[in-house]
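Enquirer: My file is run-v4.pdb. It has PDB, C-alpha atoms:
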MODEL        1
ATOM      1  CA  MET A   1       0.000   0.000   0.000
ATOM      2  CA  ALA A   2       1.541   3.242  -1.096
ATOM      3  CA  THR A   3       1.460   6.035   1.435
ATOM      4  CA  LYS A   4       2.541   9.642   1.208
ATOM      5  CA  SER A   5       5.781   9.003   3.027
ATOM      6  CA  SER A   6       6.536   5.752   1.233
ATOM      7  CA  GLU A   7       6.263   7.553  -2.094
ATOM      8  CA  LEU A   8       8.284  10.463  -0.764
ATOM      9  CA  PHE A   9      11.117   8.139   0.202
ATOM     10  CA  ARG A  10      10.859   6.113  -2.975
ATOM     11  CA  GLY A  11      11.322   9.274  -5.018
ATOM     12  CA  ALA A  12      14.326  10.240  -2.950
ATOM     13  CA  LYS A  13      15.786   6.763  -3.253
ATOM     14  CA  ASP A  14      15.311   6.554  -7.010
ATOM     15  CA  ILE A  15      17.047   9.870  -7.619
ATOM     16  CA  LEU A  16      20.126   8.836  -5.625
ATOM     17  CA  PRO A  17      22.157   7.469  -8.573
ATOM     18  CA  HIS A  18      21.846  10.864 -10.244
ATOM     19  CA  HIS A  19      23.896  12.394  -7.466
ATOM     20  CA  LEU A  20      26.989  10.668  -8.782
ATOM     21  CA  GLY A  21      27.010  13.113 -11.676
ATOM     22  CA  VAL A  22      25.332  16.070 -10.059
ATOM     23  CA  PHE A  23      27.555  16.298  -6.995
ATOM     24  CA  PRO A  24      30.843  16.956  -8.796
ATOM     25  CA  PHE A  25      29.015  19.454 -10.935
ATOM     26  CA  GLY A  26      27.989  21.320  -7.812
ATOM     27  CA  LEU A  27      31.550  21.215  -6.546
ATOM     28  CA  VAL A  28      32.799  22.700  -9.808
ATOM     29  CA  PHE A  29      30.177  25.421  -9.625
ATOM     30  CA  GLY A  30      31.118  26.332  -6.067
ATOM     31  CA  VAL A  31      34.780  26.638  -6.947
ATOM     32  CA  LEU A  32      34.128  28.556 -10.174
ATOM     33  CA  ALA A  33      31.713  30.928  -8.474
ATOM     34  CA  ILE A  34      34.278  31.958  -5.910
ATOM     35  CA  ALA A  35      36.912  32.239  -8.628
ATOM     36  CA  SER A  36      34.562  34.528 -10.549
ATOM     37  CA  GLY A  37      34.389  36.921  -7.656
ATOM     38  CA  LEU A  38      31.149  35.929  -6.020
ATOM     39  CA  SER A  39      30.959  35.888  -2.273
ATOM     40  CA  PRO A  40      30.318  32.540  -0.577
ATOM     41  CA  LEU A  41      26.819  33.695   0.279
ATOM     42  CA  GLU A  42      26.025  34.679  -3.304
ATOM     43  CA  ALA A  43      27.361  31.385  -4.635
ATOM     44  CA  ILE A  44      25.457  29.288  -2.121
ATOM     45  CA  LEU A  45      22.200  31.153  -2.547
ATOM     46  CA  MET A  46      22.387  30.972  -6.327
ATOM     47  CA  SER A  47      21.977  27.234  -5.982
ATOM     48  CA  SER A  48      18.549  27.770  -4.489
ATOM     49  CA  ILE A  49      17.467  30.963  -6.236
ATOM     50  CA  VAL A  50      18.317  29.702  -9.697
ATOM     51  CA  PHE A  51      18.749  25.991  -8.985
ATOM     52  CA  GLY A  52      19.943  25.189 -12.460
ATOM     53  CA  GLY A  53      23.128  23.152 -12.850
ATOM     54  CA  ALA A  54      24.923  24.055 -16.054
ATOM     55  CA  SER A  55      23.192  27.430 -16.276
ATOM     56  CA  GLN A  56      24.739  28.471 -12.964
ATOM     57  CA  ILE A  57      28.165  27.756 -14.371
ATOM     58  CA  VAL A  58      27.259  29.773 -17.465
ATOM     59  CA  PHE A  59      26.168  32.581 -15.122
ATOM     60  CA  VAL A  60      29.440  32.866 -13.268
ATOM     61  CA  GLN A  61      31.561  32.488 -16.362
ATOM     62  CA  LEU A  62      29.700  35.240 -18.198
ATOM     63  CA  TRP A  63      29.706  37.365 -15.059
ATOM     64  CA  SER A  64      33.436  37.156 -14.637
ATOM     65  CA  ALA A  65      33.935  37.901 -18.324
ATOM     66  CA  GLY A  66      32.335  41.273 -17.769
ATOM     67  CA  VAL A  67      29.208  40.588 -19.801
ATOM     68  CA  PRO A  68      26.447  43.137 -18.999
ATOM     69  CA  PRO A  69      24.383  41.824 -16.044
ATOM     70  CA  PHE A  70      21.070  41.846 -17.876
ATOM     71  CA  ILE A  71      22.570  39.743 -20.692
ATOM     72  CA  VAL A  72      23.931  37.305 -18.137
ATOM     73  CA  GLY A  73      20.509  36.828 -16.607
ATOM     74  CA  THR A  74      18.845  36.459 -19.982
ATOM     75  CA  SER A  75      21.445  33.976 -21.226
ATOM     76  CA  VAL A  76      20.886  31.799 -18.185
ATOM     77  CA  SER A  77      17.177  31.794 -18.877
ATOM     78  CA  ILE A  78      17.710  30.830 -22.496
ATOM     79  CA  VAL A  79      19.968  27.972 -21.455
ATOM     80  CA  ASN A  80      17.081  26.785 -19.273
ATOM     81  CA  LEU A  81      14.436  26.986 -22.006
ATOM     82  CA  ARG A  82      14.463  23.204 -22.342
ATOM     83  CA  HIS A  83      12.509  23.094 -19.083
ATOM     84  CA  VAL A  84       9.459  24.223 -21.039
ATOM     85  CA  LEU A  85       9.623  20.948 -22.933
ATOM     86  CA  TYR A  86      10.017  19.013 -19.694
ATOM     87  CA  SER A  87       7.076  20.924 -18.266
ATOM     88  CA  ALA A  88       4.928  20.145 -21.295
ATOM     89  CA  SER A  89       5.990  16.522 -21.223
ATOM     90  CA  LEU A  90       4.951  16.099 -17.584
ATOM     91  CA  SER A  91       1.930  18.327 -17.797
ATOM     92  CA  GLN A  92      -0.522  15.494 -18.440
ATOM     93  CA  TYR A  93       0.443  13.920 -15.123
ATOM     94  CA  ILE A  94       0.618  17.130 -13.120
ATOM     95  CA  LYS A  95      -2.151  19.309 -14.454
ATOM     96  CA  ASN A  96      -4.903  18.074 -12.180
ATOM     97  CA  LEU A  97      -3.023  18.661  -8.986
ATOM     98  CA  PRO A  98      -3.966  21.606  -6.755
ATOM     99  CA  LEU A  99      -2.228  24.868  -7.663
ATOM    100  CA  VAL A 100       0.007  24.821  -4.601
ATOM    101  CA  TRP A 101       1.388  21.429  -5.590
ATOM    102  CA  ARG A 102       2.014  22.554  -9.138
ATOM    103  CA  LEU A 103       3.799  25.668  -7.908
ATOM    104  CA  ILE A 104       5.989  23.611  -5.599
ATOM    105  CA  LEU A 105       6.786  20.752  -7.985
ATOM    106  CA  ALA A 106       7.686  23.222 -10.738
ATOM    107  CA  TYR A 107      10.557  24.496  -8.635
ATOM    108  CA  PHE A 108      12.050  20.994  -8.513
ATOM    109  CA  LEU A 109      11.909  20.349 -12.250
ATOM    110  CA  THR A 110      15.460  19.646 -13.405
ATOM    111  CA  ASP A 111      17.018  17.341 -16.001
ATOM    112  CA  GLN A 112      17.369  14.654 -13.367
ATOM    113  CA  THR A 113      13.990  14.884 -11.673
ATOM    114  CA  TYR A 114      12.418  15.084 -15.110
ATOM    115  CA  ALA A 115      14.141  11.973 -16.451
ATOM    116  CA  ASN A 116      13.499  10.066 -13.257
ATOM    117  CA  GLY A 117       9.967  11.383 -12.864
ATOM    118  CA  LEU A 118       8.927  10.606 -16.433
ATOM    119  CA  ASN A 119      10.274   7.107 -16.072
ATOM    120  CA  HIS A 120       8.169   6.693 -12.967
ATOM    121  CA  TYR A 121       4.999   8.087 -14.523
ATOM    122  CA  ARG A 122       5.391   5.780 -17.508
ATOM    123  CA  SER A 123       5.986   2.721 -15.380
ATOM    124  CA  ASN A 124       3.205   0.603 -13.963
ATOM    125  CA  GLN A 125       3.979   1.495 -10.388
ATOM    126  CA  LEU A 126       1.706   4.468 -10.034
ATOM    127  CA  SER A 127      -0.289   5.385  -6.987
ATOM    128  CA  LYS A 128      -2.370   8.347  -5.971
ATOM    129  CA  TYR A 129       0.628   9.839  -4.255
ATOM    130  CA  ASP A 130       2.891  10.272  -7.292
ATOM    131  CA  HIS A 131       3.238  13.960  -6.531
ATOM    132  CA  TYR A 132       4.889  12.928  -3.284
ATOM    133  CA  TYR A 133       7.240  10.735  -5.312
ATOM    134  CA  PHE A 134       8.261  13.711  -7.423
ATOM    135  CA  LEU A 135       8.547  15.929  -4.370
ATOM    136  CA  GLY A 136      10.783  13.378  -2.680
ATOM    137  CA  SER A 137      13.043  13.157  -5.703
ATOM    138  CA  GLY A 138      13.183  16.945  -5.927
ATOM    139  CA  LEU A 139      14.002  17.488  -2.261
ATOM    140  CA  ALA A 140      16.731  14.858  -2.377
ATOM    141  CA  LEU A 141      18.330  16.295  -5.503
ATOM    142  CA  TRP A 142      18.032  19.834  -4.175
ATOM    143  CA  SER A 143      19.761  18.869  -0.951
ATOM    144  CA  GLY A 144      22.582  17.154  -2.797
ATOM    145  CA  TRP A 145      23.053  20.204  -4.983
ATOM    146  CA  GLN A 146      23.170  22.568  -1.993
ATOM    147  CA  ILE A 147      25.676  20.390  -0.168
ATOM    148  CA  ALA A 148      27.871  20.079  -3.250
ATOM    149  CA  THR A 149      27.801  23.849  -3.747
ATOM    150  CA  ILE A 150      28.741  24.464  -0.133
ATOM    151  CA  PHE A 151      31.643  22.041  -0.372
ATOM    152  CA  GLY A 152      32.802  23.666  -3.584
ATOM    153  CA  VAL A 153      32.621  27.097  -2.038
ATOM    154  CA  LEU A 154      34.546  25.983   1.017
ATOM    155  CA  GLY A 155      37.324  25.098  -1.359
ATOM    156  CA  ALA A 156      37.036  21.370  -1.637
ATOM    157  CA  THR A 157      39.877  20.129  -3.803
ATOM    158  CA  ILE A 158      38.727  19.155  -7.240
ATOM    159  CA  ILE A 159      39.170  15.467  -7.645
ATOM    160  CA  PRO A 160      41.732  14.990 -10.449
ATOM    161  CA  SER A 161      39.383  12.993 -12.589
ATOM    162  CA  GLU A 162      36.418  15.271 -11.931
ATOM    163  CA  TRP A 163      35.636  15.533 -15.583
ATOM    164  CA  SER A 164      35.162  11.798 -15.556
ATOM    165  CA  LEU A 165      32.625  12.219 -12.804
ATOM    166  CA  THR A 166      30.617  14.726 -14.803
ATOM    167  CA  PHE A 167      30.662  12.004 -17.445
ATOM    168  CA  ALA A 168      28.498  10.235 -14.878
ATOM    169  CA  ILE A 169      25.691  12.595 -15.834
ATOM    170  CA  SER A 170      25.817  11.253 -19.379
ATOM    171  CA  LEU A 171      25.902   7.709 -18.033
ATOM    172  CA  THR A 172      22.790   8.404 -15.975
ATOM    173  CA  PHE A 173      20.936   9.612 -19.025
ATOM    174  CA  ILE A 174      22.201   6.704 -21.127
ATOM    175  CA  ALA A 175      20.736   4.376 -18.536
ATOM    176  CA  ILE A 176      17.368   6.064 -18.906
ATOM    177  CA  VAL A 177      17.275   6.646 -22.657
ATOM    178  CA  ALA A 178      18.635   3.325 -23.949
ATOM    179  CA  PRO A 179      15.675   1.207 -22.809
ATOM    180  CA  MET A 180      13.289   3.842 -24.218
ATOM    181  CA  ILE A 181      14.430   3.330 -27.781
ATOM    182  CA  LYS A 182      12.113   0.695 -29.182
ATOM    183  CA  ARG A 183      10.517   1.871 -32.409
ATOM    184  CA  PHE A 184      11.972   3.040 -35.647
ATOM    185  CA  SER A 185      10.836   6.587 -34.940
ATOM    186  CA  ASP A 186      12.643   6.498 -31.597
ATOM    187  CA  VAL A 187      15.877   5.568 -33.350
ATOM    188  CA  ALA A 188      15.349   8.262 -35.973
ATOM    189  CA  ALA A 189      14.670  10.903 -33.335
ATOM    190  CA  CYS A 190      17.715   9.924 -31.348
ATOM    191  CA  ILE A 191      20.109   9.890 -34.296
ATOM    192  CA  THR A 192      18.763  13.183 -35.652
ATOM    193  CA  THR A 193      19.252  14.861 -32.314
ATOM    194  CA  GLY A 194      22.748  13.471 -32.014
ATOM    195  CA  ILE A 195      23.774  14.815 -35.387
ATOM    196  CA  LEU A 196      22.150  18.210 -34.811
ATOM    197  CA  ALA A 197      23.705  18.502 -31.372
ATOM    198  CA  ILE A 198      27.133  18.295 -32.987
ATOM    199  CA  ILE A 199      26.443  20.441 -36.040
ATOM    200  CA  LEU A 200      24.697  23.216 -34.113
ATOM    201  CA  GLN A 201      27.422  23.631 -31.469
ATOM    202  CA  PRO A 202      28.497  27.049 -32.800
ATOM    203  CA  LEU A 203      25.125  28.563 -31.879
ATOM    204  CA  PRO A 204      25.277  31.042 -28.979
ATOM    205  CA  TRP A 205      23.658  30.625 -25.573
ATOM    206  CA  LYS A 206      23.618  26.845 -25.852
ATOM    207  CA  LEU A 207      20.729  27.175 -28.296
ATOM    208  CA  TRP A 208      22.051  24.045 -29.970
ATOM    209  CA  LEU A 209      20.570  22.077 -27.099
ATOM    210  CA  ILE A 210      16.968  23.007 -27.628
ATOM    211  CA  ALA A 211      17.356  23.230 -31.417
ATOM    212  CA  ALA A 212      18.737  19.689 -31.581
ATOM    213  CA  GLY A 213      15.895  18.535 -29.352
ATOM    214  CA  PHE A 214      13.292  20.136 -31.567
ATOM    215  CA  GLY A 215      14.827  18.675 -34.696
ATOM    216  CA  GLY A 216      14.783  15.212 -33.206
ATOM    217  CA  ILE A 217      11.194  15.591 -32.022
ATOM    218  CA  LEU A 218      10.045  16.693 -35.477
ATOM    219  CA  ILE A 219      11.800  13.810 -37.233
ATOM    220  CA  GLY A 220      10.543  11.276 -34.711
ATOM    221  CA  TRP A 221       7.033  12.622 -35.094
ATOM    222  CA  PHE A 222       7.264  12.533 -38.876
ATOM    223  CA  ILE A 223       8.600   8.974 -39.009
ATOM    224  CA  ASN A 224       5.935   7.948 -36.523
ATOM    225  CA  TYR A 225       3.330   9.373 -38.879
ATOM    226  CA  LEU A 226       4.890   7.837 -42.001
ATOM    227  CA  MET A 227       5.153   4.388 -40.533
ATOM    228  CA  LYS A 228       1.801   4.591 -38.786
ATOM    229  CA  GLU A 229       3.355   3.414 -35.574
ATOM    230  CA  GLY A 230       0.545   4.825 -33.530
ATOM    231  CA  LYS A 231       0.817   5.972 -29.957
ATOM    232  CA  ASN A 232       3.201   4.579 -27.485
ATOM    233  CA  LYS A 233       2.742   5.365 -23.838
TER     234      LYS A 233
ATOM    235  CA  MET B   1      23.330  44.119  -8.475
ATOM    236  CA  ILE B   2      24.109  40.452  -8.655
ATOM    237  CA  TRP B   3      21.173  39.687  -6.394
ATOM    238  CA  LEU B   4      18.860  41.408  -8.850
ATOM    239  CA  ILE B   5      20.193  39.368 -11.744
ATOM    240  CA  MET B   6      20.088  36.129  -9.778
ATOM    241  CA  ILE B   7      16.467  36.726  -8.903
ATOM    242  CA  TYR B   8      15.727  37.710 -12.510
ATOM    243  CA  ALA B   9      17.381  34.542 -13.840
ATOM    244  CA  GLY B  10      15.824  32.426 -11.109
ATOM    245  CA  PHE B  11      12.386  33.828 -11.823
ATOM    246  CA  LEU B  12      12.597  33.209 -15.576
ATOM    247  CA  THR B  13      13.975  29.737 -14.975
ATOM    248  CA  TYR B  14      11.104  29.011 -12.626
ATOM    249  CA  LEU B  15       8.660  30.226 -15.277
ATOM    250  CA  THR B  16      10.082  27.815 -17.822
ATOM    251  CA  ARG B  17       9.488  25.019 -15.349
ATOM    252  CA  PHE B  18       6.004  26.085 -14.337
ATOM    253  CA  SER B  19       4.941  27.009 -17.876
ATOM    254  CA  MET B  20       2.976  23.902 -18.786
ATOM    255  CA  PHE B  21       1.905  23.108 -15.237
ATOM    256  CA  SER B  22      -0.431  26.064 -15.415
ATOM    257  CA  LYS B  23      -3.964  25.052 -16.270
ATOM    258  CA  SER B  24      -4.551  28.005 -18.545
ATOM    259  CA  PHE B  25      -1.356  27.352 -20.470
ATOM    260  CA  ALA B  26      -1.950  23.638 -20.582
ATOM    261  CA  ARG B  27      -5.405  24.326 -21.974
ATOM    262  CA  TRP B  28      -3.689  25.749 -25.024
ATOM    263  CA  LEU B  29      -2.080  22.408 -25.742
ATOM    264  CA  PRO B  30      -4.046  20.478 -28.364
ATOM    265  CA  GLY B  31      -4.619  16.745 -28.007
ATOM    266  CA  TRP B  32      -2.270  15.725 -30.793
ATOM    267  CA  ILE B  33       0.640  17.342 -28.954
ATOM    268  CA  GLU B  34       1.009  14.120 -27.016
ATOM    269  CA  THR B  35       2.661  12.395 -29.956
ATOM    270  CA  PRO B  36       5.599  14.767 -30.440
ATOM    271  CA  LEU B  37       5.880  15.282 -26.670
ATOM    272  CA  TYR B  38       6.638  11.600 -26.361
ATOM    273  CA  TYR B  39      10.004  12.240 -27.988
ATOM    274  CA  VAL B  40      11.085  14.910 -25.503
ATOM    275  CA  PRO B  41      13.101  12.661 -23.184
ATOM    276  CA  ILE B  42      14.672  10.637 -25.986
ATOM    277  CA  THR B  43      15.834  13.760 -27.772
ATOM    278  CA  MET B  44      16.689  16.186 -24.959
ATOM    279  CA  LEU B  45      18.685  13.671 -22.969
ATOM    280  CA  THR B  46      20.457  12.448 -26.116
ATOM    281  CA  ALA B  47      21.302  16.062 -26.929
ATOM    282  CA  ILE B  48      23.057  16.303 -23.578
ATOM    283  CA  ILE B  49      24.863  12.982 -23.930
ATOM    284  CA  VAL B  50      26.168  13.127 -27.506
ATOM    285  CA  PRO B  51      28.462  16.198 -27.362
ATOM    286  CA  GLU B  52      29.839  15.039 -24.029
ATOM    287  CA  VAL B  53      30.754  11.658 -25.462
ATOM    288  CA  LEU B  54      31.750  12.446 -29.037
ATOM    289  CA  LEU B  55      33.476  15.786 -28.726
ATOM    290  CA  ILE B  56      36.935  16.215 -27.367
ATOM    291  CA  GLU B  57      37.825  19.883 -26.998
ATOM    292  CA  GLY B  58      35.196  20.871 -29.479
ATOM    293  CA  SER B  59      35.948  18.512 -32.325
ATOM    294  CA  LEU B  60      34.519  15.154 -33.229
ATOM    295  CA  ASN B  61      36.624  12.274 -32.203
ATOM    296  CA  PHE B  62      35.663   8.757 -33.154
ATOM    297  CA  SER B  63      39.123   7.365 -32.650
ATOM    298  CA  LEU B  64      38.826   4.533 -30.173
ATOM    299  CA  SER B  65      42.390   4.969 -29.001
ATOM    300  CA  GLU B  66      41.768   8.597 -28.025
ATOM    301  CA  ASN B  67      38.115   8.859 -27.170
ATOM    302  CA  LEU B  68      37.856   6.594 -24.166
ATOM    303  CA  ARG B  69      34.508   8.045 -23.180
ATOM    304  CA  LEU B  70      33.066   6.703 -26.417
ATOM    305  CA  ILE B  71      34.109   3.185 -25.500
ATOM    306  CA  ALA B  72      32.853   3.518 -21.951
ATOM    307  CA  ALA B  73      29.555   4.975 -23.152
ATOM    308  CA  SER B  74      29.055   2.144 -25.650
ATOM    309  CA  PHE B  75      29.708  -0.350 -22.900
ATOM    310  CA  ALA B  76      27.243   1.515 -20.701
ATOM    311  CA  ILE B  77      24.550   1.292 -23.370
ATOM    312  CA  VAL B  78      24.840  -2.486 -23.398
ATOM    313  CA  VAL B  79      24.790  -2.628 -19.604
ATOM    314  CA  ALA B  80      21.756  -0.332 -19.538
ATOM    315  CA  LEU B  81      19.824  -2.526 -21.938
ATOM    316  CA  ILE B  82      20.635  -5.663 -19.988
ATOM    317  CA  THR B  83      20.321  -4.511 -16.389
ATOM    318  CA  ARG B  84      17.877  -1.582 -16.738
ATOM    319  CA  SER B  85      19.466  -0.247 -13.587
ATOM    320  CA  VAL B  86      20.625   3.350 -13.474
ATOM    321  CA  PHE B  87      23.017   2.690 -10.646
ATOM    322  CA  ILE B  88      24.726  -0.337 -12.200
ATOM    323  CA  THR B  89      25.019   1.464 -15.531
ATOM    324  CA  ILE B  90      26.732   4.489 -13.991
ATOM    325  CA  LEU B  91      29.096   2.352 -11.956
ATOM    326  CA  SER B  92      30.083   0.080 -14.827
ATOM    327  CA  GLY B  93      30.523   3.029 -17.153
ATOM    328  CA  LEU B  94      32.773   4.851 -14.703
ATOM    329  CA  ILE B  95      34.779   1.749 -13.844
ATOM    330  CA  CYS B  96      35.176   0.991 -17.532
ATOM    331  CA  LEU B  97      36.399   4.529 -18.163
ATOM    332  CA  TRP B  98      38.833   4.504 -15.262
ATOM    333  CA  ILE B  99      40.263   1.143 -16.331
ATOM    334  CA  LEU B 100      40.715   2.426 -19.874
ATOM    335  CA  GLN B 101      42.368   5.593 -18.599
ATOM    336  CA  TRP B 102      44.696   3.585 -16.456
ATOM    337  CA  LEU B 103      45.551   1.243 -19.332
ATOM    338  CA  PHE B 104      46.161   4.010 -21.843
TER     339      PHE B 104
ENDMDL
END
Now that the file is in, can you turn its structure into structure tokens?
Expert:
Amino acid sequence: MATKSSELFRGAKDILPHHLGVFPFGLVFGVLAIASGLSPLEAILMSSIVFGGASQIVFVQLWSAGVPPFIVGTSVSIVNLRHVLYSASLSQYIKNLPLVWRLILAYFLTDQTYANGLNHYRSNQLSKYDHYYFLGSGLALWSGWQIATIFGVLGATIIPSEWSLTFAISLTFIAIVAPMIKRFSDVAACITTGILAIILQPLPWKLWLIAAGFGGILIGWFINYLMKEGKNK
Amino acid sequence: MIWLIMIYAGFLTYLTRFSMFSKSFARWLPGWIETPLYYVPITMLTAIIVPEVLLIEGSLNFSLSENLRLIAASFAIVVALITRSVFITILSGLICLWILQWLF
């Protein structure tokens, strides 16, 4: 029998593997933020005010490069545009929740909670407390991110192979995406995105990310239509 | 000043996340949107993975002797398909990478 707290803890437990990639990222951010001239307080609070992994690193790098403040803020927001897609993707599961829940869960929508959350919603292990699942995953990830930032700020030594640990983020997503690829349209979407992600690198503000995503979605959709694959939950 | 910009960026970021959770916005979404939306995770997550694995310092590198991440990632894909466990996939991918780095 699923209960509110059992779902809360299950969400937190399921998001744990993601910390392997997210934690070093937070460390890097903490160190970079201080190096870019932010005070410890500013660096630490950015991880809750913005709460956006790579975009925080973009923030401090642009900031230290002397880019006009308004442009910095706007660039960060553009980098985070992909969250609109995540939001749309989860909307069918979230939209009937009370407003307060939707306001709260929105704050915790990140790459990791999205990937993990979508997996959960698509699985057959649903209950009426799935919002608690998502909340649990969000709180756990948030906490890990705050702790990592604090450690980074306090000057934790960067582990020599830290770039290998951020590779862990890719591994996490590989683990989630690989089993999802079943139909021809899935393959087409994936390959298209991969190619576009490489070709569109020169675009500013990490626009390549959302552009590659869109391209892949369109191709996948088109192939799905051509081959009459029908819906796939 | 930085506080202002942080709040500005944080606010916009929050809006991107809340965007489709809002009933009025979600009402704008037509029924057929479900089909393309299905591809969001497959594409967005792939978009994050591919440059990380295939690019070394900005240029494509398919050379197996240089791009160790490519080998480790390929291994991870197989592990992912077999075990369907996020944790085991990450661990095996990292261990594979570290062994390769140590060997080469």
Enquirer: Only residues of chain B matter here; which ones have an atom within 7 Å of chain A, counting all atoms listed in the file? Give them as a PyMOL selection string.
Expert: chain B and resi 5-10+12-14+16-21+23+35-37+39-47+49-51+73+76-77+80-81+84-87+89-90+93-94
Enquirer: What does the distance from CA of Ala35 (chain A) to CA of Gly58 (chain B) come to in Å, to one decimal?
Expert: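 Pair CA of Ala35 (chain A) / CA of Gly58 (chain B) returns 23.8 Å.
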Enquirer: Let me make sure I understand: among A:Ser137, A:Thr113, A:Ser64, A:Asn124, which one has the smallest atom-to-atom distance to Lys13 (chain A) if we use all atoms listed in the file?
Expert: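 Selected residue with least distance to Lys13 (chain A): A:Ser137.
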Enquirer: What does the structure give for the distance between CA of Leu100 (chain B) and CA of Ser65 (chain B), in Å to one decimal?
Expert: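 Interatomic distance, CA of Leu100 (chain B) to CA of Ser65 (chain B): 9.6 Å.
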